[in-house]
>>> print(open('final-v7.csv').read())   # CSV, C-alpha atoms
chain,number,residue,atom,x,y,z
I,1363,MET,CA,-33.1,16.6,-10.3
I,1364,ASN,CA,-30.5,16.4,-7.4
I,1365,ALA,CA,-32.3,15.6,-4.2
I,1366,ILE,CA,-30.7,15.6,-0.7
I,1367,LEU,CA,-31.9,13.6,2.2
I,1368,ALA,CA,-31.2,15.6,5.4
I,1369,PHE,CA,-31.3,14.8,9.1
I,1370,GLU,CA,-31.4,17.1,12.1
I,1371,SER,CA,-31.0,15.7,15.7
I,1372,SER,CA,-29.0,18.3,17.5
I,1373,CYS,CA,-31.4,18.7,20.5
I,1374,ASP,CA,-34.8,17.2,21.2
I,1375,ASP,CA,-36.8,17.3,17.9
I,1376,THR,CA,-36.0,14.8,15.2
I,1377,GLY,CA,-36.2,16.3,11.7
I,1378,VAL,CA,-36.0,14.6,8.3
I,1379,ALA,CA,-36.3,16.5,5.0
I,1380,ILE,CA,-35.7,16.0,1.3
I,1381,VAL,CA,-34.7,19.1,-0.6
I,1382,ASP,CA,-33.4,19.8,-4.1
I,1383,THR,CA,-30.5,22.0,-5.0
I,1384,ASP,CA,-32.8,24.9,-5.8
I,1385,TYR,CA,-34.0,25.0,-2.2
I,1386,ASN,CA,-37.4,23.4,-3.0
I,1387,ILE,CA,-38.7,21.4,-0.1
I,1388,LEU,CA,-39.9,17.9,-1.3
I,1389,ALA,CA,-40.5,16.5,2.2
I,1390,ASN,CA,-40.4,17.9,5.7
I,1391,VAL,CA,-41.3,15.8,8.7
I,1392,VAL,CA,-40.6,16.5,12.4
I,1393,SER,CA,-41.2,14.6,15.6
I,1394,THR,CA,-41.5,16.9,18.7
I,1395,GLN,CA,-40.5,15.3,22.0
I,1396,LEU,CA,-43.2,16.3,24.4
I,1397,ASP,CA,-41.9,13.7,26.9
I,1398,HIS,CA,-39.5,16.4,28.2
I,1399,SER,CA,-42.4,18.4,29.6
I,1400,LEU,CA,-42.2,16.1,32.7
I,1401,PHE,CA,-38.8,17.5,33.5
I,1402,GLY,CA,-39.3,21.2,32.6
I,1403,GLY,CA,-36.6,21.0,30.0
I,1404,VAL,CA,-34.7,18.7,27.7
I,1405,LEU,CA,-33.3,15.5,29.3
I,1406,PRO,CA,-30.3,14.6,27.1
I,1407,GLU,CA,-30.5,10.8,27.6
I,1408,LEU,CA,-34.2,10.7,26.9
I,1409,ALA,CA,-33.7,12.9,23.8
I,1410,SER,CA,-31.2,10.4,22.4
I,1411,ARG,CA,-33.5,7.4,23.0
I,1412,LEU,CA,-36.4,9.2,21.3
I,1413,HIS,CA,-34.3,10.0,18.3
I,1414,LEU,CA,-33.5,6.3,18.0
I,1415,LYS,CA,-37.2,5.5,18.2
I,1416,ASN,CA,-38.3,8.2,15.7
I,1417,ILE,CA,-35.7,8.5,13.0
I,1418,VAL,CA,-36.5,5.3,11.0
I,1419,TYR,CA,-40.2,5.9,10.6
I,1420,LEU,CA,-39.7,9.6,9.9
I,1421,THR,CA,-37.3,8.7,7.1
I,1422,GLU,CA,-40.0,6.4,5.6
I,1423,ALA,CA,-42.5,9.2,6.0
I,1424,ALA,CA,-40.2,11.6,4.1
I,1425,PHE,CA,-39.9,9.3,1.2
I,1426,LYS,CA,-43.6,8.7,1.1
I,1427,GLN,CA,-44.3,12.5,1.2
I,1428,SER,CA,-41.8,13.2,-1.6
I,1429,ASN,CA,-42.8,10.2,-3.8
I,1430,LEU,CA,-39.1,9.5,-4.2
I,1431,SER,CA,-37.0,6.4,-3.7
I,1432,PRO,CA,-33.5,6.0,-2.2
I,1433,ALA,CA,-32.2,5.5,-5.7
I,1434,GLU,CA,-33.2,9.1,-6.6
I,1435,ILE,CA,-31.3,10.6,-3.7
I,1436,SER,CA,-28.0,12.3,-4.7
I,1437,ALA,CA,-26.5,12.8,-1.2
I,1438,VAL,CA,-27.2,12.5,2.5
I,1439,ALA,CA,-26.8,15.5,4.8
I,1440,VAL,CA,-26.7,15.6,8.6
I,1441,SER,CA,-26.1,18.2,11.4
I,1442,ILE,CA,-22.9,17.3,13.4
I,1443,ASN,CA,-22.5,20.4,15.7
I,1444,PRO,CA,-23.2,22.2,17.9
I,1445,GLY,CA,-25.8,20.3,20.1
I,1446,LEU,CA,-26.3,17.5,22.5
I,1447,ILE,CA,-23.6,14.9,21.8
I,1448,GLY,CA,-25.9,11.9,22.3
I,1449,SER,CA,-28.6,13.3,20.0
I,1450,LEU,CA,-26.1,14.2,17.4
I,1451,ILE,CA,-24.5,10.7,17.4
I,1452,VAL,CA,-27.9,9.2,16.6
I,1453,GLY,CA,-28.5,11.4,13.5
I,1454,LEU,CA,-24.9,11.1,12.3
I,1455,SER,CA,-24.7,7.3,12.7
I,1456,PHE,CA,-28.0,6.8,10.9
I,1457,ALA,CA,-27.0,9.2,8.1
I,1458,LYS,CA,-23.5,7.6,7.7
I,1459,SER,CA,-25.0,4.1,7.5
I,1460,LEU,CA,-27.4,5.2,4.7
I,1461,ALA,CA,-24.8,7.0,2.8
I,1462,TRP,CA,-22.4,4.1,3.0
I,1463,SER,CA,-25.0,1.4,2.1
I,1464,TRP,CA,-26.4,3.5,-0.8
I,1465,GLU,CA,-22.9,4.7,-1.9
I,1466,LYS,CA,-23.9,8.3,-1.7
I,1467,PRO,CA,-21.9,11.3,-0.6
I,1468,LEU,CA,-22.3,12.4,3.0
I,1469,ILE,CA,-22.6,16.1,3.7
I,1470,THR,CA,-21.9,17.2,7.3
I,1471,VAL,CA,-23.4,20.5,8.4
I,1472,ASN,CA,-22.9,23.0,11.3
I,1473,HIS,CA,-26.5,23.6,12.2
I,1474,MET,CA,-25.8,27.3,13.2
I,1475,LEU,CA,-25.0,27.8,9.5
I,1476,ALA,CA,-28.1,25.8,8.6
I,1477,HIS,CA,-30.2,28.3,10.6
I,1478,ILE,CA,-28.9,31.1,8.4
I,1479,PHE,CA,-29.1,29.3,5.1
I,1480,ALA,CA,-32.6,28.2,5.8
I,1481,ASN,CA,-33.5,31.8,4.8
I,1482,PHE,CA,-32.9,30.7,1.2
I,1483,LEU,CA,-35.9,28.5,1.4
I,1484,GLU,CA,-38.1,31.6,1.4
I,1485,HIS,CA,-35.7,34.2,-0.1
I,1486,LYS,CA,-33.7,32.6,-2.8
I,1487,SER,CA,-32.3,35.9,-4.1
I,1488,ILE,CA,-30.3,36.8,-1.0
I,1489,GLN,CA,-26.7,37.7,-2.0
I,1490,PRO,CA,-23.7,38.6,0.2
I,1491,SER,CA,-22.6,40.6,1.8
I,1492,PHE,CA,-25.2,40.4,4.6
I,1493,LEU,CA,-25.6,40.4,8.4
I,1494,ALA,CA,-27.4,37.4,9.9
I,1495,LEU,CA,-29.1,37.4,13.3
I,1496,VAL,CA,-29.3,33.9,14.7
I,1497,VAL,CA,-31.7,33.4,17.6
I,1498,SER,CA,-32.2,29.8,18.6
I,1499,GLY,CA,-32.7,27.8,21.8
I,1500,GLY,CA,-29.0,27.7,22.6
I,1501,HIS,CA,-27.4,30.5,20.6
I,1502,THR,CA,-27.8,34.2,19.9
I,1503,GLU,CA,-25.3,35.5,17.4
I,1504,LEU,CA,-24.6,38.2,14.8
I,1505,VAL,CA,-22.7,36.8,11.9
I,1506,TYR,CA,-21.3,38.9,9.0
I,1507,PHE,CA,-21.0,37.1,5.6
I,1508,SER,CA,-18.7,38.7,3.0
I,1509,THR,CA,-19.3,35.7,0.7
I,1510,LEU,CA,-21.4,32.6,1.1
I,1511,THR,CA,-18.4,30.8,2.6
I,1512,ASP,CA,-16.5,33.5,4.3
I,1513,PHE,CA,-18.0,34.8,7.6
I,1514,GLU,CA,-17.2,36.3,10.9
I,1515,ILE,CA,-19.1,36.2,14.2
I,1516,VAL,CA,-19.3,39.9,15.3
I,1517,GLY,CA,-21.4,39.4,18.4
I,1518,LYS,CA,-22.7,36.5,20.5
I,1519,THR,CA,-24.2,35.8,23.9
I,1520,LEU,CA,-21.8,35.9,26.8
I,1521,ASP,CA,-24.0,33.5,28.8
I,1522,ASP,CA,-27.6,32.4,28.1
I,1523,ALA,CA,-29.3,32.6,24.7
I,1524,ALA,CA,-32.6,34.3,24.0
I,1525,GLY,CA,-34.5,31.0,23.4
I,1526,GLU,CA,-33.1,29.5,26.6
I,1527,THR,CA,-34.2,32.5,28.5
I,1528,PHE,CA,-37.8,32.1,27.2
I,1529,ASP,CA,-37.8,28.5,28.4
I,1530,LYS,CA,-36.2,29.1,31.8
I,1531,THR,CA,-38.3,32.2,32.7
I,1532,ALA,CA,-41.4,30.2,31.7
I,1533,LYS,CA,-40.3,27.5,34.1
I,1534,LEU,CA,-39.9,30.1,36.9
I,1535,LEU,CA,-43.5,31.2,36.2
I,1536,ASP,CA,-44.6,27.5,36.2
I,1537,LEU,CA,-46.0,27.8,32.6
I,1538,GLY,CA,-44.9,24.4,31.3
I,1539,TYR,CA,-42.6,23.2,28.5
I,1540,PRO,CA,-41.7,24.3,25.9
I,1541,GLY,CA,-41.8,27.7,27.5
I,1542,GLY,CA,-41.1,30.0,24.5
I,1543,PRO,CA,-44.4,29.5,22.7
I,1544,ILE,CA,-46.4,29.6,25.9
I,1545,ILE,CA,-44.8,33.0,26.9
I,1546,ASP,CA,-45.4,34.3,23.4
I,1547,SER,CA,-49.0,33.4,23.5
I,1548,LEU,CA,-49.6,34.7,27.0
I,1549,ALA,CA,-47.8,37.9,26.3
I,1550,ARG,CA,-50.3,38.9,23.7
I,1551,LYS,CA,-52.9,39.3,26.5
I,1552,GLY,CA,-50.5,41.3,28.7
I,1553,ASN,CA,-48.9,44.7,29.1
I,1554,PRO,CA,-45.2,44.7,28.1
I,1555,GLU,CA,-44.7,47.9,30.2
I,1556,PHE,CA,-46.1,46.3,33.4
I,1557,PHE,CA,-42.6,45.9,34.8
I,1558,HIS,CA,-39.2,47.0,33.3
I,1559,PHE,CA,-36.8,44.0,33.5
I,1560,PRO,CA,-33.1,44.8,32.7
I,1561,ARG,CA,-31.9,44.9,29.2
I,1562,ALA,CA,-28.3,43.9,28.4
I,1563,LEU,CA,-27.8,46.4,25.6
I,1564,ASN,CA,-24.6,47.3,23.9
I,1565,ARG,CA,-22.7,49.5,26.3
I,1566,LYS,CA,-19.1,48.3,25.9
I,1567,ASN,CA,-18.4,49.1,22.3
I,1568,ASN,CA,-19.2,45.5,21.1
I,1569,PHE,CA,-22.2,43.6,19.8
I,1570,ASN,CA,-22.5,40.9,22.4
I,1571,PHE,CA,-25.6,39.8,24.2
I,1572,SER,CA,-26.3,38.7,27.8
I,1573,TYR,CA,-29.4,37.2,29.3
I,1574,SER,CA,-28.3,35.7,32.6
I,1575,GLY,CA,-29.1,39.0,34.5
I,1576,LEU,CA,-32.7,38.9,33.1
I,1577,LYS,CA,-33.3,35.4,34.5
I,1578,THR,CA,-32.0,36.5,37.9
I,1579,ALA,CA,-34.1,39.6,37.9
I,1580,VAL,CA,-37.2,37.5,37.1
I,1581,LEU,CA,-36.4,35.1,40.0
I,1582,GLU,CA,-35.9,38.0,42.4
I,1583,TYR,CA,-39.2,39.7,41.3
I,1584,LEU,CA,-41.1,36.5,41.8
I,1585,SER,CA,-39.6,36.0,45.3
I,1586,ARG,CA,-40.8,39.4,46.4
I,1587,HIS,CA,-44.5,38.8,45.5
I,1588,LYS,CA,-47.1,36.5,46.7
I,1589,PRO,CA,-48.3,33.6,44.5
I,1590,GLU,CA,-51.8,35.1,44.2
I,1591,TYR,CA,-50.3,38.3,42.8
I,1592,ILE,CA,-48.1,36.4,40.3
I,1593,GLU,CA,-51.0,34.4,39.1
I,1594,GLU,CA,-53.1,37.5,38.6
I,1595,HIS,CA,-50.5,39.2,36.5
I,1596,LYS,CA,-48.9,36.3,34.6
I,1597,ALA,CA,-49.9,37.7,31.2
I,1598,ASP,CA,-48.4,41.1,32.1
I,1599,LEU,CA,-45.2,39.4,33.4
I,1600,ALA,CA,-44.9,37.3,30.3
I,1601,ALA,CA,-45.3,40.4,28.1
I,1602,SER,CA,-42.7,42.2,30.2
I,1603,ILE,CA,-40.2,39.3,30.0
I,1604,GLN,CA,-40.7,38.9,26.3
I,1605,GLN,CA,-40.1,42.6,25.7
I,1606,ALA,CA,-36.9,42.4,27.8
I,1607,ILE,CA,-35.7,39.5,25.6
I,1608,ILE,CA,-36.4,41.0,22.2
I,1609,ASP,CA,-35.4,44.7,22.8
I,1610,PRO,CA,-31.6,43.9,22.6
I,1611,LEU,CA,-32.3,41.8,19.5
>>> encode(input="final-v7.csv", output="structure tokens")
Amino acid sequence: MNAILAFESSCDDTGVAIVDTDYNILANVVSTQLDHSLFGGVLPELASRLHLKNIVYLTEAAFKQSNLSPAEISAVAVSINPGLIGSLIVGLSFAKSLAWSWEKPLITVNHMLAHIFANFLEHKSIQPSFLALVVSGGHTELVYFSTLTDFEIVGKTLDDAAGETFDKTAKLLDLGYPGGPIIDSLARKGNPEFFHFPRALNRKNNFNFSYSGLKTAVLEYLSRHKPEYIEEHKADLAASIQQAIIDPL
């Protein structure tokens, strides 16, 4: 069996996994940095320090979960871009040190491609050509794959990403952090047609996205209404915001 020890530290969460070359997950451990809730968003320096704190014990936990030893690892993989530079350096430095000391190959990964290829964990029969929709905290993209190694970005956000818009509108509503799951949960109790926020749909013969206008529209809406009214209709606003985010997708 060929097993790969993999690290992800591109933003705030520290992830360590061990997978085999048939996309079977042998270990998967994650440390979520709730410390950022104090700031309403990810504080880059704090994220880097927490990666340093967490990555060693998460690696030990991954080996314990998989019942494997370092001698049974065939290669070490790590995300190297895009992301917060300080956070990425922590994961890359740790992965490089292990690969060097164990004399194992080091595999560097663009984590946007990792988002797409993670689909193989559940759907191993996917074959190109295919169109991938990437929706993450910092990216919203449409990527066309003619082969597994030849691809073209056919559409992307011109400003803010969908995930970022979830978090920032949640901050405007004073819902806490991380905002995405909170809006999603609250939206289930609300009416998505309560208010029609703008949709940046395809009107210019391209497949790009744009979400900055939605954030501005939410800010302007909140400024026109009293706090009591906003509090009364938070679920409806969450549902309306979520609908405006997902319609273009």
>>> atom_distance(input="final-v7.csv", atom1="atom CA of Ile1607 of chain I", atom2="atom CA of Lys1533 of chain I")
15.4 Å
>>> residues_around(input="final-v7.csv", residues="Ile1435 of chain I", least_positions_apart="4", cutoff="12 Å", atoms="all atoms listed in the file", output="ChimeraX atom specification")
/I:1363-1368,1379-1383,1388,1424-1425,1428-1431,1439,1460-1461,1464-1468
>>> residues_near_point(input="final-v7.csv", point="(-28.9, 40.5, 23.8)", cutoff="9 Å", atoms="all atoms listed in the file", output="CSV table (one decimal) with C-alpha atoms, in the coordinates of the input")
chain,number,residue,atom,x,y,z
I,1502,THR,CA,-27.8,34.2,19.9
I,1503,GLU,CA,-25.3,35.5,17.4
I,1518,LYS,CA,-22.7,36.5,20.5
I,1519,THR,CA,-24.2,35.8,23.9
I,1520,LEU,CA,-21.8,35.9,26.8
I,1523,ALA,CA,-29.3,32.6,24.7
I,1524,ALA,CA,-32.6,34.3,24.0
I,1561,ARG,CA,-31.9,44.9,29.2
I,1562,ALA,CA,-28.3,43.9,28.4
I,1563,LEU,CA,-27.8,46.4,25.6
I,1564,ASN,CA,-24.6,47.3,23.9
I,1569,PHE,CA,-22.2,43.6,19.8
I,1570,ASN,CA,-22.5,40.9,22.4
I,1571,PHE,CA,-25.6,39.8,24.2
I,1572,SER,CA,-26.3,38.7,27.8
I,1573,TYR,CA,-29.4,37.2,29.3
I,1607,ILE,CA,-35.7,39.5,25.6
I,1608,ILE,CA,-36.4,41.0,22.2
I,1609,ASP,CA,-35.4,44.7,22.8
I,1610,PRO,CA,-31.6,43.9,22.6
I,1611,LEU,CA,-32.3,41.8,19.5
>>> atom_distance(input="final-v7.csv", atom1="atom CA of Pro1490 of chain I", atom2="atom CA of Gly1517 of chain I")
18.4 Å
>>> closest_residue(input="final-v7.csv", among="I:Ser1372, I:Asn1568, I:Ser1574, I:Gln1604", to="Ala1532 of chain I", atoms="all atoms listed in the file")
I:Gln1604
>>> closest_residue(input="final-v7.csv", among="I:Gln1605, I:Thr1509, I:Thr1527, I:Thr1421", to="Val1438 of chain I", atoms="only C-alpha atoms")
I:Thr1421
>>> closest_residue(input="final-v7.csv", among="I:Asp1374, I:Glu1582, I:Asp1536, I:Glu1484", to="Leu1405 of chain I", atoms="all atoms listed in the file")
I:Asp1374
>>> closest_residue(input="final-v7.csv", among="I:Ser1547, I:Ser1508, I:Ser1410, I:Ser1602", to="Leu1446 of chain I", atoms="only C-alpha atoms")
I:Ser1410
>>> closest_residue(input="final-v7.csv", among="I:Leu1510, I:Tyr1385, I:Val1404, I:Phe1369", to="Pro1540 of chain I", atoms="all atoms listed in the file")
I:Val1404
>>> residues_around(input="final-v7.csv", residues="segment 1471-1476 of chain I", least_positions_apart="4", cutoff="12 Å", atoms="all atoms listed in the file", output="MDAnalysis selection string")
chainID I and resid 1368:1373 1438:1446 1450 1453:1454 1457 1480:1483 1494:1507 1510:1515
>>> closest_residue(input="final-v7.csv", among="I:Leu1414, I:Ala1423, I:Leu1408, I:Leu1584", to="Val1378 of chain I", atoms="only C-alpha atoms")
I:Ala1423
>>> atom_distance(input="final-v7.csv", atom1="atom CA of Lys1596 of chain I", atom2="atom CA of Ala1549 of chain I")
8.5 Å
>>> residues_around(input="final-v7.csv", residues="Thr1394 of chain I", least_positions_apart="2", cutoff="8 Å", atoms="only C-alpha atoms", output="ChimeraX atom specification")
/I:1374-1376,1392,1396
>>> residues_near_point(input="final-v7.csv", point="(-43.2, 46.2, 32.7)", cutoff="10 Å", atoms="all atoms listed in the file", output="PDB file with C-alpha atoms, in the coordinates of the input")
ATOM      1  CA  GLY I1552     -50.500  41.300  28.700  1.00  0.00           C
ATOM      2  CA  ASN I1553     -48.900  44.700  29.100  1.00  0.00           C
ATOM      3  CA  PRO I1554     -45.200  44.700  28.100  1.00  0.00           C
ATOM      4  CA  GLU I1555     -44.700  47.900  30.200  1.00  0.00           C
ATOM      5  CA  PHE I1556     -46.100  46.300  33.400  1.00  0.00           C
ATOM      6  CA  PHE I1557     -42.600  45.900  34.800  1.00  0.00           C
ATOM      7  CA  HIS I1558     -39.200  47.000  33.300  1.00  0.00           C
ATOM      8  CA  PHE I1559     -36.800  44.000  33.500  1.00  0.00           C
ATOM      9  CA  ASP I1598     -48.400  41.100  32.100  1.00  0.00           C
ATOM     10  CA  LEU I1599     -45.200  39.400  33.400  1.00  0.00           C
ATOM     11  CA  ALA I1600     -44.900  37.300  30.300  1.00  0.00           C
ATOM     12  CA  ALA I1601     -45.300  40.400  28.100  1.00  0.00           C
ATOM     13  CA  SER I1602     -42.700  42.200  30.200  1.00  0.00           C
ATOM     14  CA  ILE I1603     -40.200  39.300  30.000  1.00  0.00           C
ATOM     15  CA  GLN I1605     -40.100  42.600  25.700  1.00  0.00           C
ATOM     16  CA  ALA I1606     -36.900  42.400  27.800  1.00  0.00           C
TER      17      ALA I1606
END
>>> residues_around(input="final-v7.csv", residues="Leu1548 of chain I", least_positions_apart="3", cutoff="6 Å", atoms="only C-alpha atoms", output="MDAnalysis selection string")
chainID I and resid 1545 1551 1597
